[in-house]
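Trainee: What follows is a single structure, and I will ask about it in a moment.
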Amino acid sequence: MSASQHPTADPEPPRKLRRLTQSAPPNQAVGATAVLNSMRHIQAQAGLARGTKALLRANQKGGFDCPSCAWPDPDDDRSSFEFCENGAKAIATEATRKRATPELFAQHTLADLAAWSDFELNDAGRLTEPMVLDAGATHYRPIAWDDAFALIAEELNATDPNEAIFYTSGRASNEAAFLYQLFVRQYGTNNLPDCSNMCHESSGAALKMTIGIGKGTVTLDDLEHTDCVMVIGQNPGTNHPRMLTSLEKTVKNGGRIVSVNPLLETGVKAFAHPQKLSGLLGVATPLQSLHVPVRLNGDLPFVKGLLKCVLEAEAAQPGTVVDRKFIAEHTEGYEQLIAALAEVSWPDLCQQSGLTVAQIREAAAVFISAPECITCWAMGLTQHHNAVETIQELVNLHLLTGKIGRPRSGLCPVRGHSNVQGDRTMGIWERPPPPFLDQLDAEFGFKSPRAFGYDTVEAITAMHEGKARVFFALGGNFLSASPDTHYTAAALRRCALTVQVSTKLNRSHLITGQRALILPCLGRTETDLRNGQPQFVTVENSMGVVHSSEGKLAPASPHLLSEVAIICCLAAATLGERSTVPWAALAQNYDLIRERIERVVPGFDKFNLRIHQPGGFYLPNGVKERRWDTKTGKARFTVNPLNPLKLEPGQLLLQTFRSHDQFNTTIYGHNDRYRGITNERRVIFLNREDMRERGVEPQQPIDITSHFQGETRTAELFLAIPYDTPKGCAAAYYPEANVLVPIGAKANISQTPTSKSIVITITPSTG
Ligand SMILES: Nc1nc2c(c(=O)[nH]1)N[C@H]1C(S)=C(S)[C@@H](COP(=O)(O)OP(=O)(O)OC[C@H]3O[C@@H](n4cnc5c(=O)[nH]c(N)nc54)[C@H](O)[C@@H]3O)O[C@H]1N2
Ligand SMILES: Nc1nc2c(c(=O)[nH]1)N[C@H]1C(S)=C(S)[C@@H](COP(=O)(O)OP(=O)(O)OC[C@H]3O[C@@H](n4cnc5c(=O)[nH]c(N)nc54)[C@H](O)[C@@H]3O)O[C@H]1N2
Ligand SMILES: [Mo]
């Protein structure tokens with residue numbers, strides 16, 4: 001057992017079943033149901049007046065950036081309703097009238113609260129005051145802000161900087177993120193893990209190595225006017241619903257959509273536009289013209305198949321498919337790629353992708369015949385052991401055909417959290433590039449540490465091994481979002497101090513170090529007054545556009561501080577005279593922070609001026625001009641081995657994904673409308689034949705055991721759901737299934753937990 005005094009709090013959500021109903025997944029997404037659902041959430045949480053005020057400011061020029069996903073806003077042509085059902089839920093959950101006050105903490109022990117579901121924890125409402133958990137205590141009690149900062153400062157100053165960990169979730173603004181990494185580096189460490197380590201790290205790593213920039217290369221306009229969009233390993237209908245508006249435009253402009261996914265997700269079947277009368281009446285635009293039902297983790301062999309088809313088509317009609325001029329001028333490694341492709345056999349590709357040659361050829365025909373093509377992807381590609389290799393293979397496909405770095409063609413990793421991309425641009429990174437540190441040091445007159453810090457998984461392991469003793473989180477829900485829930489819980493419990501800067505109650509507040517703090521902060525939707533002056537912050541979306549975000553609602557409590565203010569107060573308290581940074585001045589006027597960002601981070605010239613351009617500005621992206629910031633100045637073809645996971649007889653592969661009623665670990669409700677699930681989250685979607693072979697009945701309660709290097713982990717009590725998923729492939733929701741993700745199961749290079757390919761067996765529940 002760990003050194004903690006609060007071992008009774010359960011790190012897992014309660015294992016209780018609800019009354020589930022299953023129906024056939026609908027044939028179209030959004031429409032009137034989505035609008036009704038949005039308003040239902042807004043009314044229940046925020047009330048109509050406050051909620052509608054917030055909704056009307058979402059993603060408007062001069063308004064706030066929707067706190068949900070990172071999908072970009074149109075450069076022009078914004079409707080007054082630039083929001084979606086899930087954006088509305090994210091706003092409702094932040095703008096809620098419910099409050100998690102000191103009285104709530106006085107009434108409940110940590111162990112009591114841990115018996116609440118994730119839905120109930122979030123539904124307690126907004127946190128209102130700083131709270132502390134003293135060593136040995138069973139309840140949090142209120143603490144004054146200054147005392148909280150003094151407590152953290154004292155602990156940090158008694159700690160070797162490399163034994164402190166500073167996590168960031170992707171909602172932090174550019175201003176907050178910039179100051180946070182500056183504080184952490186002046187304190188003396190690069191231990192800056194972030195949610196990106198569990199998210200698009202594989203994309204960043206693959207793209208940086210091959211095309212020289214770890215970001216996407218297209219604009220929204222490119223996407224809406226291209227001839228083919230391949231959506232691979234992504235569920236936009238739920239996780240980036242405004243992308244459907246863009247895909248509808250692509251289709252109306254004559255483009256085709258190919259979806260590559262083990263599941264036929266409702267969001268890409270057909271879209272009824274919620275802002276048009278026709279859409280509200282249920283008239284939907286069919287979106288995908290082809291669905292490729294790849295097996296889980298079958299994408300690398302699938303893309304290799306596409307590459308082989310490209311070479312065959314080129315051989316049949318030389319000079320028409322492979323872009324030889326582009327390859328000669330801009331790339332290296334072509335010969336090695338061709339030689340390696342000759343070695344792989346169709347039977348291997350088919351067996352490993354779960355597709356037939358005909359299915360691969362059909363997808364290849366769409367890609368090849370489209371003059372311009374964009375590939376979009378998300379977690380379905382990034383969370384596998386060979387995620388980096390798979391994404392590099394996609395890069396090969398675009399390089400071979402020259403479909404990159406020109407209008408309407410390119411690569412589009414679709415980011416998750418609304419500012420996760422901006423946080424990285426601001427230096428939230430455990431492996432900072434030396435030129436960034438040189439600029440930072442020059443601007444602030446100090447020497448930042450050069451040794452790399454811990455990423456998320458390394459941070460958990462370090463805490464577990466007693467090599468780290470303070471854990472500080474700027475947002476997020478580290479316990480529930482991380483892999484291997486019980487291992488992570490034990491790791492956090494070994495810390496002397498854990499601190500969470502948060503808006504809502506979550507399980508990370510309940511599984512703590514010896515002492516713990518909750519520091520409640522303003523959300524995106526709220527006015528941020530400093531010295532009586534309203535401040536705005538900035539964010540960067542998935543397509544590299546930086547724009548402002550200014551909340552308009554009254555803050556949830558008079559005691560809340562902005563993230564910027566919290567970081568400045570903490571830095572001043574911790575570093576005192578040691579710091580070269582005017583923390584108090586920066587906290588009063590965010591323009592001063594932006595001046596500093598401009599002098600440190602490339603691409604932010606005239607930041608305070610250009611941020612007032614309607615819609616913001618694009619950051620420079622060399623790939624759009626076919627400049628490659630790689631070692632040799634060329635884009636790189638790579639050879640990526642086929643390295644499939646080997647399953648023993650009886651084993652299945654499990655992916656952990658999102659329902660339509662959650663934002664990561666924030667649970668809005670118990671339904672998953674687009675998959676026909678009502679009122680239950682403890683479900684496991686299974687192939688019907690897999691169920692029959694195992695004698696499992698629909699809705700039978702089963703336990704799931706994961707297998708990794710001789711270790712097993714078990715998640716109890718999930719209802720079996722027969723579903724259209726390829727044989728051998730199962731799915732369950734995150735975070736309930738995170739207990740199954742082994743801490744040691746990481747992607748090569750990016751170290752991202754392999755949350756989309758967990759080897760499991762299933763057995764009838766005995767509990
Ligand atoms: N409403 C809402 N919006 C969100 C979020 C949310 O939780 N709720 N989360 C935000 C965040 S942080 C992120 S990162 C994004 C996540 O956005 P997504 O990546 O869309 O999220 P997931 O639910 O993890 O869905 C993964 C999809 O990939 C498919 N998939 C799984 N494994 C494979 C595979 O091996 N190959 C292929 N081809 N497909 C596969 C799944 O069937 C599923 O459709 O969304 C962001 N937006
Ligand atoms: N098994 C499995 N695990 C996964 C994934 C998966 O697909 N499968 N996905 C991974 C991915 S892609 C990601 S990005 C991570 C997400 O990991 P995190 O970002 O750590 O988790 P969230 O659930 O988004 O964090 C929710 C909490 O953030 C706080 N919050 C909300 N808004 C604000 C704000 O404005 N400021 C501050 N300070 N706090 C705020 C609230 O208190 C809320 O409870 O999870 C990863 N974990
Ligand atoms: Mo994410």
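Naming works like this for the structure tokens: A, B, ... for the chains as they're shown, residue 1 at the start of each chain, ligands 1 onward in shown order.
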Which parts of segment 492-610 of chain A does DSSP call strand (DSSP E or B) when run on the backbone here, written out as JSON, numbers by chain?

Mentor: {"A": [497, 498, 499, 500, 501, 502, 504, 515, 516, 517, 518, 519, 520, 521, 526, 529, 530, 533, 534, 537, 538, 539, 540, 545, 546, 547, 548, 549, 553, 561]}

Trainee: With C-alpha atoms retained, write the just-selected residues as an mmCIF file, in the first residue's frame.

Mentor:
```cif
data_model
loop_
_atom_site.group_PDB
_atom_site.id
_atom_site.type_symbol
_atom_site.label_atom_id
_atom_site.label_comp_id
_atom_site.auth_asym_id
_atom_site.auth_seq_id
_atom_site.Cartn_x
_atom_site.Cartn_y
_atom_site.Cartn_z
ATOM 1 C CA LEU A 497 1.655 17.531 -2.197
ATOM 2 C CA THR A 498 -0.782 17.437 -5.116
ATOM 3 C CA VAL A 499 -2.379 20.630 -6.470
ATOM 4 C CA GLN A 500 -5.187 20.972 -8.994
ATOM 5 C CA VAL A 501 -6.129 24.232 -10.728
ATOM 6 C CA SER A 502 -9.692 23.431 -11.766
ATOM 7 C CA LYS A 504 -15.126 21.536 -11.760
ATOM 8 C CA ARG A 515 -1.571 17.203 1.389
ATOM 9 C CA ALA A 516 -3.679 18.528 -1.465
ATOM 10 C CA LEU A 517 -5.026 21.802 -2.767
ATOM 11 C CA ILE A 518 -7.845 22.737 -5.124
ATOM 12 C CA LEU A 519 -7.338 26.157 -6.716
ATOM 13 C CA PRO A 520 -10.554 27.244 -8.474
ATOM 14 C CA CYS A 521 -10.152 29.346 -11.600
ATOM 15 C CA GLU A 526 -16.330 34.453 -17.807
ATOM 16 C CA LEU A 529 -11.193 41.811 -14.759
ATOM 17 C CA ARG A 530 -7.726 42.862 -13.609
ATOM 18 C CA GLN A 533 -9.916 46.336 -16.832
ATOM 19 C CA PRO A 534 -11.351 43.425 -18.814
ATOM 20 C CA VAL A 537 -6.560 35.715 -23.770
ATOM 21 C CA THR A 538 -5.526 34.013 -27.005
ATOM 22 C CA VAL A 539 -5.631 30.474 -28.359
ATOM 23 C CA GLU A 540 -4.392 28.596 -31.447
ATOM 24 C CA VAL A 545 -4.886 30.339 -36.476
ATOM 25 C CA VAL A 546 -4.249 32.450 -33.359
ATOM 26 C CA HIS A 547 -7.223 34.453 -32.144
ATOM 27 C CA SER A 548 -8.565 36.108 -29.025
ATOM 28 C CA SER A 549 -11.046 34.789 -26.494
ATOM 29 C CA LEU A 553 -20.502 36.040 -18.170
ATOM 30 C CA LEU A 561 -8.726 33.907 -9.999
#
```

Trainee: Quick one: residues within 6 Å of segment 429-445 of chain A, only C-alpha atoms counted, chain neighbours fewer than 2 positions away excluded, as a list of chain:residue names?

Mentor: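 Near neighbours after the sequence-gap exclusion: A:Asn190, A:Asn191, A:Leu192, A:Pro193, A:Gly427, A:Lys447, A:Phe452, A:Gly453, A:Tyr454, A:Asp455, A:Val600.
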
Trainee: Give me, as a list of chain:residue names, all polymer residues having an atom no more than 6 Å from segment 577-590 of chain A, counting only C-alpha atoms and skipping those fewer than 3 positions away in the same chain.

Mentor: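 My reading of the contact set: A:Arg530, A:Ala565, A:Cys568, A:Ile593.
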
Trainee: Could you give me, as a list in words, each residue of segment 581-693 of chain A that DSSP assigns to alpha helix (DSSP H) when run on this structure's backbone?

Mentor: Trp583, Ala584, Ala585, Leu586, Ala587, Gln588, Tyr590, Asp591, Leu592, Ile593, Arg594, Glu595, Arg596, Ile597, Glu598, Arg599, Val600, Phe607, Asn608, Leu609, Arg610, Arg688, Glu689, Asp690, Met691, Arg692 and Glu693 of chain A

Trainee: Could those residues be written to a file, using C-alpha atoms, as a PDB file, in the first residue's frame?

Mentor:
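File part16.pdb, as written:
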```pdb
ATOM      1  CA  TRP A 583       5.055  38.748 -12.223  1.00  0.00           C
ATOM      2  CA  ALA A 584       2.741  41.311 -10.587  1.00  0.00           C
ATOM      3  CA  ALA A 585       2.796  43.636 -13.594  1.00  0.00           C
ATOM      4  CA  LEU A 586       2.174  40.800 -16.060  1.00  0.00           C
ATOM      5  CA  ALA A 587      -0.822  39.635 -14.020  1.00  0.00           C
ATOM      6  CA  GLN A 588      -2.445  43.063 -14.322  1.00  0.00           C
ATOM      7  CA  TYR A 590      -2.117  40.628 -20.476  1.00  0.00           C
ATOM      8  CA  ASP A 591      -0.855  42.857 -23.316  1.00  0.00           C
ATOM      9  CA  LEU A 592       2.469  42.828 -21.457  1.00  0.00           C
ATOM     10  CA  ILE A 593       2.541  39.019 -21.593  1.00  0.00           C
ATOM     11  CA  ARG A 594       1.872  39.115 -25.330  1.00  0.00           C
ATOM     12  CA  GLU A 595       4.805  41.524 -25.793  1.00  0.00           C
ATOM     13  CA  ARG A 596       7.043  38.923 -24.181  1.00  0.00           C
ATOM     14  CA  ILE A 597       5.584  36.094 -26.263  1.00  0.00           C
ATOM     15  CA  GLU A 598       6.285  38.132 -29.388  1.00  0.00           C
ATOM     16  CA  ARG A 599       9.948  38.399 -28.435  1.00  0.00           C
ATOM     17  CA  VAL A 600      10.354  34.685 -27.659  1.00  0.00           C
ATOM     18  CA  PHE A 607       1.042  40.281 -31.674  1.00  0.00           C
ATOM     19  CA  ASN A 608      -0.950  42.951 -29.817  1.00  0.00           C
ATOM     20  CA  LEU A 609      -1.869  44.634 -33.073  1.00  0.00           C
ATOM     21  CA  ARG A 610      -2.644  41.627 -35.231  1.00  0.00           C
ATOM     22  CA  ARG A 688     -21.727 -10.684 -32.888  1.00  0.00           C
ATOM     23  CA  GLU A 689     -19.731 -13.724 -33.921  1.00  0.00           C
ATOM     24  CA  ASP A 690     -17.198 -13.124 -31.153  1.00  0.00           C
ATOM     25  CA  MET A 691     -20.148 -13.100 -28.727  1.00  0.00           C
ATOM     26  CA  ARG A 692     -21.605 -16.302 -30.164  1.00  0.00           C
ATOM     27  CA  GLU A 693     -18.261 -18.115 -30.023  1.00  0.00           C
TER      28      GLU A 693
END
```

Trainee: Please indicate the distance in Å from atom 16 (C, counted along the ligand's line) of ligand 1 to atom CA of Thr705 of chain A, rounded to one decimal place.

Mentor: 24.6 Å

Trainee: Looking at only C-alpha atoms, which of A:Phe367, A:Phe536, A:Tyr140, A:Trp377 is the one that sits closest to Cys199 of chain A?

Mentor: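 Among the listed residues, A:Trp377 lies closest to Cys199 of chain A.
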
Trainee: Return the single residue from A:Leu113, A:Leu619, A:Cys350, A:Ile360 that is closest to Gln421 of chain A, with distances computed using only C-alpha atoms.

Mentor: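 Checking each of A:Leu113, A:Leu619, A:Cys350, A:Ile360 against Gln421 of chain A, counting only C-alpha atoms, the winner is A:Leu619.
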
Trainee: Counting only C-alpha atoms, figure out which residue out of A:Gln535, A:Ser196, A:Ile566, A:His273 gets nearest to Gly62 of chain A.

Mentor: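 That would be A:Gln535, the residue with the smallest distance to Gly62 of chain A.
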
Trainee: Taking only C-alpha atoms and all ligand atoms into account, report as number ranges by chain which residues have an atom no farther than 7 Å from an atom of ligand 1.

Mentor: A: 68-69, 86-87, 199-200, 232-236, 238-240, 260-263, 265, 294-299, 378-381, 415-417, 655-664, 756

Trainee: Got a sec: who's within 7 Å of Ala46 of chain A, counting only C-alpha atoms, leaving out chain neighbours fewer than 4 positions off, as number ranges by chain?

Mentor: A: 42, 50-51, 92, 95-97

Trainee: Would you mind listing what lies within 7 Å of Thr763 of chain A as a list of chain:residue names, with only C-alpha atoms counted and same-chain residues fewer than 6 positions away left out?

Mentor: A:Ile702, A:Asp703, A:Ile704
